[in-house]
Amino acid sequence: MGFTIRKSNLSDLTYVCNHLRILDKIEAWYQTGYQPEEAVRLTYLSTEKNFAIANEEDQAMGLSGVCSDGTVWMVGTDELTSKRSYRVDLIKKGKEEVDKLLKTYNVLYNYVYAENTSAIKWLKALGFTFIKLHPEYGHLKKPFYEFVRIV
């Protein structure tokens, strides 16, 4: 059985922040210069729509959201990719969610750390286009790709 996507709550935020994947921590630090958990909390609180990706016991394994300007984001715990069914759902349900968002937002976009190859592969599977490599992006001037999906 796969996961469910539902509206998130502060308990989900706390759990995911306390169990962030290493690569999500690195990316948040490089991009913002804040401690990763703080960066996720600030992002969450400034987001228009927040979602939890929950396992069969309804425990959050990931968080995602979209800001009013169409900035999309997602972070997760190691559990999020621990089962084949979850990895399949990340693509299948991810595409469905992105398509739903595109009914409200004309453009969805963000930046992804250039060495986060699994996220890049996943974003491509969701139909995002990578439009530019920024060799010195974010607080620590690391390479990030800008990606976009337009209606």
# chains A, B, ... in the order shown; residues from 1 in each chain; ligands from 1
>>> closest_atom_pairs(of="range 11-114 of chain A", to="range 125-140 of chain A", cutoff="6 Å", atoms="only C-alpha atoms", output="JSON lines")
{"residue": "A:Tyr30", "atom": "CA", "partner": "A:Leu140", "partner_atom": "CA", "distance": 5.1}
{"residue": "A:Gln31", "atom": "CA", "partner": "A:Gly138", "partner_atom": "CA", "distance": 4.1}
{"residue": "A:Thr32", "atom": "CA", "partner": "A:His139", "partner_atom": "CA", "distance": 5.3}
{"residue": "A:Gly33", "atom": "CA", "partner": "A:His139", "partner_atom": "CA", "distance": 5.2}
{"residue": "A:Lys95", "atom": "CA", "partner": "A:Leu126", "partner_atom": "CA", "distance": 5.1}
>>> residues_around(residues="range 38-48 of chain A", least_positions_apart="2", cutoff="12 Å", atoms="only C-alpha atoms", output="MDAnalysis selection string")
chainID A and resid 7:20 24:36 50:52 62:76 101 104:105 139
>>> write_last_selection(atoms="C-alpha atoms", output="mmCIF file, in the first residue's frame")
data_model
loop_
_atom_site.group_PDB
_atom_site.id
_atom_site.type_symbol
_atom_site.label_atom_id
_atom_site.label_comp_id
_atom_site.auth_asym_id
_atom_site.auth_seq_id
_atom_site.Cartn_x
_atom_site.Cartn_y
_atom_site.Cartn_z
ATOM 1 C CA LYS A 7 -3.440 18.806 4.683
ATOM 2 C CA SER A 8 -0.536 19.078 7.102
ATOM 3 C CA ASN A 9 -0.465 20.285 10.697
ATOM 4 C CA LEU A 10 2.151 21.564 13.135
ATOM 5 C CA SER A 11 2.696 18.072 14.540
ATOM 6 C CA ASP A 12 3.689 16.927 11.021
ATOM 7 C CA LEU A 13 6.042 19.896 10.738
ATOM 8 C CA THR A 14 7.745 19.042 14.012
ATOM 9 C CA TYR A 15 8.122 15.361 13.163
ATOM 10 C CA VAL A 16 9.520 15.910 9.675
ATOM 11 C CA CYS A 17 11.902 18.646 10.864
ATOM 12 C CA ASN A 18 13.243 16.253 13.497
ATOM 13 C CA HIS A 19 13.775 13.486 10.913
ATOM 14 C CA LEU A 20 14.882 15.339 7.755
ATOM 15 C CA ASP A 24 17.319 17.947 2.436
ATOM 16 C CA LYS A 25 19.309 19.358 5.359
ATOM 17 C CA ILE A 26 22.272 20.139 3.105
ATOM 18 C CA GLU A 27 20.099 21.767 0.456
ATOM 19 C CA ALA A 28 18.240 23.930 2.997
ATOM 20 C CA TRP A 29 21.529 25.054 4.579
ATOM 21 C CA TYR A 30 23.168 25.852 1.229
ATOM 22 C CA GLN A 31 20.161 27.756 -0.029
ATOM 23 C CA THR A 32 19.219 29.777 3.043
ATOM 24 C CA GLY A 33 22.117 29.817 5.488
ATOM 25 C CA TYR A 34 19.673 28.913 8.278
ATOM 26 C CA GLN A 35 19.785 25.736 10.304
ATOM 27 C CA PRO A 36 17.835 23.292 8.120
ATOM 28 C CA ASN A 50 0.899 22.895 2.958
ATOM 29 C CA PHE A 51 0.562 19.139 2.557
ATOM 30 C CA ALA A 52 1.759 16.090 4.451
ATOM 31 C CA GLY A 62 7.294 14.392 4.057
ATOM 32 C CA LEU A 63 5.966 17.883 3.654
ATOM 33 C CA SER A 64 5.290 19.888 0.532
ATOM 34 C CA GLY A 65 3.726 23.177 -0.292
ATOM 35 C CA VAL A 66 3.181 26.026 -2.661
ATOM 36 C CA CYS A 67 3.597 29.739 -1.998
ATOM 37 C CA SER A 68 1.312 32.409 -3.436
ATOM 38 C CA ASP A 69 3.817 33.138 -6.227
ATOM 39 C CA GLY A 70 3.955 29.479 -7.348
ATOM 40 C CA THR A 71 7.132 28.477 -5.523
ATOM 41 C CA VAL A 72 6.845 24.742 -4.800
ATOM 42 C CA TRP A 73 8.880 22.776 -2.294
ATOM 43 C CA MET A 74 9.134 19.361 -0.683
ATOM 44 C CA VAL A 75 11.233 17.786 2.081
ATOM 45 C CA GLY A 76 11.127 14.321 3.532
ATOM 46 C CA LEU A 101 -1.847 22.967 -8.484
ATOM 47 C CA THR A 104 -4.710 27.477 -9.552
ATOM 48 C CA TYR A 105 -1.159 28.622 -10.314
ATOM 49 C CA HIS A 139 23.617 31.721 0.935
#
>>> closest_residue(among="A:Leu123, A:Ile22, A:Val107, A:Val112", to="Ile91 in chain A", atoms="only C-alpha atoms")
A:Leu123
>>> residues_around(residues="range 114-120 of chain A", least_positions_apart="4", cutoff="8 Å", atoms="only C-alpha atoms", output="list in words")
Leu23, Lys124, Leu133, Pro143, Phe144 and Tyr145 of chain A
>>> write_last_selection(atoms="N, CA and C atoms", output="short mmCIF file (atom, residue, chain, number, x, y, z; two decimals), in the first residue's frame")
data_model
loop_
_atom_site.label_atom_id
_atom_site.label_comp_id
_atom_site.auth_asym_id
_atom_site.auth_seq_id
_atom_site.Cartn_x
_atom_site.Cartn_y
_atom_site.Cartn_z
N LEU A 23 20.25 14.94 2.71
CA LEU A 23 20.34 15.80 1.53
C LEU A 23 19.39 16.99 1.62
N LYS A 124 11.94 15.87 -13.02
CA LYS A 124 11.79 15.64 -14.46
C LYS A 124 10.61 14.70 -14.72
N LEU A 133 21.22 26.65 -14.93
CA LEU A 133 22.12 26.30 -13.83
C LEU A 133 22.67 27.60 -13.27
N PRO A 143 26.01 25.36 -6.52
CA PRO A 143 25.28 25.22 -7.80
C PRO A 143 23.86 24.69 -7.59
N PHE A 144 22.90 25.42 -8.13
CA PHE A 144 21.48 25.04 -8.08
C PHE A 144 20.90 25.17 -9.48
N TYR A 145 19.99 24.26 -9.80
CA TYR A 145 19.23 24.38 -11.05
C TYR A 145 17.90 25.06 -10.75
#
>>> select_by_dssp(residues="chain A", states="alpha helix (DSSP H)", output="PyMOL selection string")
chain A and resi 10-18+22-32+36-45+84-101+117-125
>>> atom_distance(atom1="CA of Ile150 in chain A", atom2="CA of Gly94 in chain A")
15.7 Å
>>> select_by_dssp(residues="range 20-144 of chain A", states="strand (DSSP E)", output="VMD selection string")
chain A and resid 49 to 54 60 to 66 72 to 76 107 to 113 129 to 137 142 to 144
>>> atom_distance(atom1="CA of Asn55 in chain A", atom2="CA of Phe3 in chain A")
4.8 Å
>>> closest_residue(among="A:Leu90, A:Glu56, A:Arg21, A:Glu146", to="Asp78 in chain A", atoms="only C-alpha atoms")
A:Arg21
>>> closest_residue(among="A:Asp58, A:Glu37, A:Trp122, A:Val148", to="Lys93 in chain A", atoms="only C-alpha atoms")
A:Trp122
>>> closest_residue(among="A:Val151, A:Arg87, A:Lys121, A:Glu57", to="Lys100 in chain A", atoms="only C-alpha atoms")
A:Val151
>>> decode(residues="range 29-122 of chain A", atoms="C-alpha atoms", output="CSV table (one decimal), in the first residue's frame")
chain,number,residue,atom,x,y,z
A,29,TRP,CA,21.5,25.1,4.6
A,30,TYR,CA,23.2,25.9,1.2
A,31,GLN,CA,20.2,27.8,0.0
A,32,THR,CA,19.2,29.8,3.0
A,33,GLY,CA,22.1,29.8,5.5
A,34,TYR,CA,19.7,28.9,8.3
A,35,GLN,CA,19.8,25.7,10.3
A,36,PRO,CA,17.8,23.3,8.1
A,37,GLU,CA,15.0,22.7,10.6
A,38,GLU,CA,14.5,26.5,10.9
A,39,ALA,CA,14.6,27.0,7.2
A,40,VAL,CA,11.8,24.3,6.8
A,41,ARG,CA,9.8,25.9,9.6
A,42,LEU,CA,10.0,29.4,8.0
A,43,THR,CA,9.1,28.0,4.6
A,44,TYR,CA,6.2,26.1,6.0
A,45,LEU,CA,4.8,29.2,7.8
A,46,SER,CA,5.1,31.4,4.7
A,47,THR,CA,3.4,28.9,2.4
A,48,GLU,CA,-0.1,29.3,1.1
A,49,LYS,CA,-0.9,25.6,0.9
A,50,ASN,CA,0.9,22.9,3.0
A,51,PHE,CA,0.6,19.1,2.6
A,52,ALA,CA,1.8,16.1,4.5
A,53,ILE,CA,2.8,12.9,2.8
A,54,ALA,CA,1.7,10.3,5.3
A,55,ASN,CA,2.3,6.5,5.7
A,56,GLU,CA,-0.3,3.9,6.4
A,57,GLU,CA,-0.3,4.9,10.1
A,58,ASP,CA,-0.9,8.5,9.1
A,59,GLN,CA,2.6,9.5,10.3
A,60,ALA,CA,4.1,12.3,8.1
A,61,MET,CA,7.1,11.2,6.0
A,62,GLY,CA,7.3,14.4,4.1
A,63,LEU,CA,6.0,17.9,3.7
A,64,SER,CA,5.3,19.9,0.5
A,65,GLY,CA,3.7,23.2,-0.3
A,66,VAL,CA,3.2,26.0,-2.7
A,67,CYS,CA,3.6,29.7,-2.0
A,68,SER,CA,1.3,32.4,-3.4
A,69,ASP,CA,3.8,33.1,-6.2
A,70,GLY,CA,4.0,29.5,-7.3
A,71,THR,CA,7.1,28.5,-5.5
A,72,VAL,CA,6.8,24.7,-4.8
A,73,TRP,CA,8.9,22.8,-2.3
A,74,MET,CA,9.1,19.4,-0.7
A,75,VAL,CA,11.2,17.8,2.1
A,76,GLY,CA,11.1,14.3,3.5
A,77,THR,CA,12.3,11.7,6.0
A,78,ASP,CA,14.3,8.6,5.0
A,79,GLU,CA,11.1,6.6,5.2
A,80,LEU,CA,9.6,8.5,2.2
A,81,THR,CA,11.8,6.5,-0.2
A,82,SER,CA,12.1,3.4,1.9
A,83,LYS,CA,9.5,1.3,0.1
A,84,ARG,CA,9.0,0.7,-3.6
A,85,SER,CA,5.3,1.6,-3.3
A,86,TYR,CA,6.3,5.0,-1.8
A,87,ARG,CA,8.8,5.7,-4.7
A,88,VAL,CA,6.1,4.8,-7.3
A,89,ASP,CA,3.6,7.0,-5.5
A,90,LEU,CA,6.1,9.9,-5.5
A,91,ILE,CA,5.8,10.0,-9.2
A,92,LYS,CA,2.2,8.9,-9.7
A,93,LYS,CA,0.6,11.0,-6.9
A,94,GLY,CA,3.2,13.7,-7.4
A,95,LYS,CA,2.1,14.2,-11.0
A,96,GLU,CA,-1.6,14.3,-9.9
A,97,GLU,CA,-0.9,16.9,-7.2
A,98,VAL,CA,1.2,19.1,-9.6
A,99,ASP,CA,-1.6,19.0,-12.2
A,100,LYS,CA,-4.1,20.1,-9.5
A,101,LEU,CA,-1.8,23.0,-8.5
A,102,LEU,CA,-1.6,24.1,-12.1
A,103,LYS,CA,-5.3,24.7,-12.1
A,104,THR,CA,-4.7,27.5,-9.6
A,105,TYR,CA,-1.2,28.6,-10.3
A,106,ASN,CA,0.0,29.4,-13.9
A,107,VAL,CA,3.6,28.7,-13.0
A,108,LEU,CA,5.3,26.4,-10.5
A,109,TYR,CA,9.0,26.8,-9.9
A,110,ASN,CA,11.9,26.6,-7.5
A,111,TYR,CA,15.6,25.8,-7.3
A,112,VAL,CA,17.2,22.4,-6.6
A,113,TYR,CA,20.8,21.7,-5.4
A,114,ALA,CA,22.7,20.4,-8.5
A,115,GLU,CA,24.1,17.4,-6.7
A,116,ASN,CA,20.6,16.3,-5.5
A,117,THR,CA,20.3,13.9,-8.5
A,118,SER,CA,17.4,11.9,-7.1
A,119,ALA,CA,15.3,15.1,-6.7
A,120,ILE,CA,16.3,16.2,-10.2
A,121,LYS,CA,15.2,12.9,-11.7
A,122,TRP,CA,11.9,13.0,-9.7
